[in-house]
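**Student:** Take this structure, written in structure tokens, and hold onto it; I'll ask about it next.
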Amino acid sequence: MNWFATNFASAFLLPPFNLILLGVAGILLLKRRQGTGMTLVAAALALLYLLSIPIVADALLQVLEASPEKNPPDDSIQAIVVLGGGTYYYAPEYDDHTVGRYTLERVRYAAKMYRATCKPVLAAGGAPLGNRSSEAMQMKAVLEEEFLVPVEWVEEASSNTRENAYKSFAILQKQGIRQIALVTHAWHMPRAAREFEQAGFEVTPAATGYTRRYKTDLLTFIPNAGALLKSSLFFHEVIGMLWYRLTPAPD
């Protein structure tokens with residue numbers, strides 16, 4: 001299944017679209033089965049509220065996140081692999097496509113990891129929408145031009161995390177490299193680390209972008225779009241992990 005088909009199908013399972021569908025189903029049932037219809041509408045509204053408040057959304061992402069690493073990886077690490085997390089398309093201030101928000105956060109931490117370890121860097125990420133600039137090449141440009149960190153290899157043929165893993169392994173095994181520090185978001189790390197280990201790597205997690213809150217107050221119980229996005233990320237990861245467990249890995 002290609003990138004577009006996968007993401008189109010997953011949209012039906014993720015908030016807010018799944019909640020909209022649930023509410024619409026309830027409205028359609030109101031005339032024939034009023035009790036069932038009202039229950040579905042109420043459930044849709046209740047879930048929309050819960051998944052849109054920071055205290056719930058943060059807690060969901062923290063379920064996926066392991067404790068932060070206190071120290072840089074040891075000398076057994078042979079390379080740093082940083083995963084793409086989206087593109088900022090047609091960025092007017094840069095006159096081209098460039099790294100998106102999540103990718104930039106990962107690139108920044110990869111640069112810190114490089115300075116701590118001096119290990120070579122592989123940037124992994126394709127161009128699933130078919131644009132001329134892959135995420136890997138965008139990361140390479142930012143790392144080398146803005147962070148002054150050399151990128152030894154690029155993997156730009158993948159369209160998802162599983163392909164990141166197996167295509168990166170195909171590149172690095174030729175160099176005798178199996179022990180890597182893997183850079184991605186903390187909430188993405190469980191799925192990513194498992195796939196890279198399945199591909200044949202020994203993975204040291206190097207996670208960034210942990211879910212943190214300065215304080216808990218009344219605002220953490222007020223719905224907002226940012227919290228709904230976090231809830232969507234949580235379910236995207238859970239569905240992704242389940243899907244990878246149900247589908248065969250590449251040969």
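Residue numbering restarts at 1 in every chain; chains get A, B, ... in the order shown in the structure tokens, and ligands count up from 1 in that same order.
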Which residues come within 6 Å of region 217-233 of chain A, counting only C-alpha atoms, excluding same-chain residues fewer than 5 positions away, as a list in words?
**Tutor:**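 Contacts, with the query itself left out: Leu14, Pro15, Leu51, Ser52, Ile53, Pro54, Ile55 and Ala57 of chain A.
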**Student:** Can I get the residues of region 32-119 of chain A within 12 Å of region 194-199 of chain A, each with the closest pair of atoms and their distance in Å to one decimal, using only C-alpha atoms, sorted chain first then ascending number, as a Markdown table?
**Tutor:**
| residue | atom | partner | partner_atom | distance |
| --- | --- | --- | --- | --- |
| A:Val81 | CA | A:Phe196 | CA | 10.2 |
| A:Val82 | CA | A:Phe196 | CA | 11.8 |
| A:Leu83 | CA | A:Phe196 | CA | 11.2 |
**Student:** Would you output that residue set with N, CA and C atoms, as an mmCIF file, in the first residue's frame?
**Tutor:**
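New file again-v1.cif:
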data_model
loop_
_atom_site.group_PDB
_atom_site.id
_atom_site.type_symbol
_atom_site.label_atom_id
_atom_site.label_comp_id
_atom_site.auth_asym_id
_atom_site.auth_seq_id
_atom_site.Cartn_x
_atom_site.Cartn_y
_atom_site.Cartn_z
ATOM 1 N N VAL A 81 21.718 7.729 13.047
ATOM 2 C CA VAL A 81 20.674 7.739 12.023
ATOM 3 C C VAL A 81 19.563 8.668 12.488
ATOM 4 N N VAL A 82 19.257 9.678 11.679
ATOM 5 C CA VAL A 82 18.195 10.622 12.021
ATOM 6 C C VAL A 82 17.065 10.475 11.012
ATOM 7 N N LEU A 83 15.845 10.364 11.524
ATOM 8 C CA LEU A 83 14.678 10.117 10.685
ATOM 9 C C LEU A 83 13.932 11.407 10.363
#
**Student:** Could you tell me how far CA of Ala111 (chain A) lies from CA of Leu148 (chain A), in Å and to one decimal?
**Tutor:**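 So the two atoms, CA of Ala111 (chain A) and CA of Leu148 (chain A), lie 8.3 Å apart.
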**Student:** Hey, which of A:Phe147, A:Trp187, A:Tyr90, A:Phe169 ends up closest to Glu202 (chain A)? Count only C-alpha atoms.
**Tutor:**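 Using only C-alpha atoms, Glu202 (chain A) sits closest to A:Phe169.
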**Student:** When you look at Leu40 (chain A) with a cut-off of 9 Å (counting only C-alpha atoms), what residues show up, excluding the ones that are within fewer than 2 positions of it in the same chain? I need them as a list in words.
**Tutor:**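 Contacts, in chain order: Leu22, Gly23, Val24, Ala25, Gly26, Ile27, Leu29, Gly35, Thr36, Gly37, Met38, Ala42, Ala43, Ala44 and Leu45 of chain A.
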**Student:** Would you put the residues from that selection into a file with all heavy atoms, as a tab-separated table (two decimals), in the first residue's frame?
**Tutor:**
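Writing the result to out-v2.tsv gives the following:
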chain	number	residue	atom	x	y	z
A	22	LEU	N	-18.38	9.22	13.90
A	22	LEU	CA	-19.19	8.66	15.00
A	22	LEU	C	-20.39	9.56	15.28
A	22	LEU	O	-21.51	9.08	15.46
A	22	LEU	CB	-18.32	8.52	16.25
A	22	LEU	CG	-18.99	7.90	17.48
A	22	LEU	CD1	-19.42	6.46	17.19
A	22	LEU	CD2	-18.05	7.94	18.68
A	23	GLY	N	-20.16	10.88	15.32
A	23	GLY	CA	-21.26	11.80	15.56
A	23	GLY	C	-22.28	11.79	14.45
A	23	GLY	O	-23.49	11.82	14.71
A	24	VAL	N	-21.82	11.75	13.20
A	24	VAL	CA	-22.74	11.70	12.06
A	24	VAL	C	-23.58	10.42	12.09
A	24	VAL	O	-24.79	10.45	11.83
A	24	VAL	CB	-21.96	11.80	10.74
A	24	VAL	CG1	-22.85	11.47	9.55
A	24	VAL	CG2	-21.36	13.20	10.58
A	25	ALA	N	-22.95	9.30	12.44
A	25	ALA	CA	-23.69	8.04	12.55
A	25	ALA	C	-24.78	8.16	13.61
A	25	ALA	O	-25.90	7.68	13.42
A	25	ALA	CB	-22.73	6.90	12.89
A	26	GLY	N	-24.46	8.81	14.72
A	26	GLY	CA	-25.46	9.00	15.77
A	26	GLY	C	-26.62	9.86	15.30
A	26	GLY	O	-27.79	9.56	15.57
A	27	ILE	N	-26.32	10.93	14.59
A	27	ILE	CA	-27.39	11.82	14.08
A	27	ILE	C	-28.29	11.08	13.11
A	27	ILE	O	-29.52	11.22	13.15
A	27	ILE	CB	-26.75	13.06	13.41
A	27	ILE	CG1	-26.08	13.93	14.47
A	27	ILE	CG2	-27.80	13.86	12.65
A	27	ILE	CD1	-25.25	15.05	13.89
A	29	LEU	N	-29.01	8.02	13.12
A	29	LEU	CA	-29.80	7.00	13.82
A	29	LEU	C	-30.88	7.58	14.73
A	29	LEU	O	-31.71	6.83	15.27
A	29	LEU	CB	-28.87	6.11	14.66
A	29	LEU	CG	-28.05	5.07	13.90
A	29	LEU	CD1	-27.06	4.40	14.84
A	29	LEU	CD2	-28.95	4.03	13.25
A	35	GLY	N	-32.30	6.18	21.14
A	35	GLY	CA	-31.38	5.91	22.24
A	35	GLY	C	-29.97	5.66	21.76
A	35	GLY	O	-28.99	6.23	22.29
A	36	THR	N	-29.83	4.80	20.75
A	36	THR	CA	-28.51	4.50	20.19
A	36	THR	C	-27.89	5.73	19.57
A	36	THR	O	-26.70	6.02	19.75
A	36	THR	CB	-28.61	3.38	19.14
A	36	THR	OG1	-29.17	2.21	19.75
A	36	THR	CG2	-27.25	3.06	18.56
A	37	GLY	N	-28.72	6.49	18.83
A	37	GLY	CA	-28.22	7.70	18.19
A	37	GLY	C	-27.71	8.72	19.20
A	37	GLY	O	-26.62	9.30	19.03
A	38	MET	N	-28.47	8.93	20.26
A	38	MET	CA	-28.04	9.89	21.28
A	38	MET	C	-26.77	9.43	21.99
A	38	MET	O	-25.91	10.24	22.33
A	38	MET	CB	-29.17	10.10	22.29
A	38	MET	CG	-30.38	10.82	21.72
A	38	MET	SD	-31.68	11.07	22.95
A	38	MET	CE	-30.86	12.19	24.10
A	42	ALA	N	-23.38	11.58	22.00
A	42	ALA	CA	-22.77	11.93	23.29
A	42	ALA	C	-21.36	11.38	23.40
A	42	ALA	O	-20.45	12.07	23.91
A	42	ALA	CB	-23.63	11.39	24.43
A	43	ALA	N	-21.15	10.16	22.92
A	43	ALA	CA	-19.81	9.56	22.96
A	43	ALA	C	-18.83	10.36	22.11
A	43	ALA	O	-17.69	10.59	22.51
A	43	ALA	CB	-19.87	8.12	22.49
A	44	ALA	N	-19.29	10.79	20.92
A	44	ALA	CA	-18.43	11.57	20.04
A	44	ALA	C	-18.02	12.88	20.69
A	44	ALA	O	-16.85	13.28	20.66
A	44	ALA	CB	-19.13	11.83	18.71
A	45	LEU	N	-18.98	13.56	21.33
A	45	LEU	CA	-18.68	14.83	21.97
A	45	LEU	C	-17.77	14.64	23.19
A	45	LEU	O	-16.84	15.43	23.41
A	45	LEU	CB	-19.98	15.52	22.40
A	45	LEU	CG	-20.86	16.05	21.25
A	45	LEU	CD1	-22.19	16.56	21.80
A	45	LEU	CD2	-20.14	17.15	20.49
**Student:** Run DSSP on the backbone of this structure and report the residues of region 47-218 of chain A it assigns to strand (DSSP E), as a PyMOL selection string.
**Tutor:** chain A and resi 79-83+87-91+96-99+121-124+153-155+179-185+202-208
**Student:** CA of Ser76 (chain A) to CA of Ala186 (chain A): how many Å, to one decimal?
**Tutor:**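 Distance between the two atoms: 21.9 Å.
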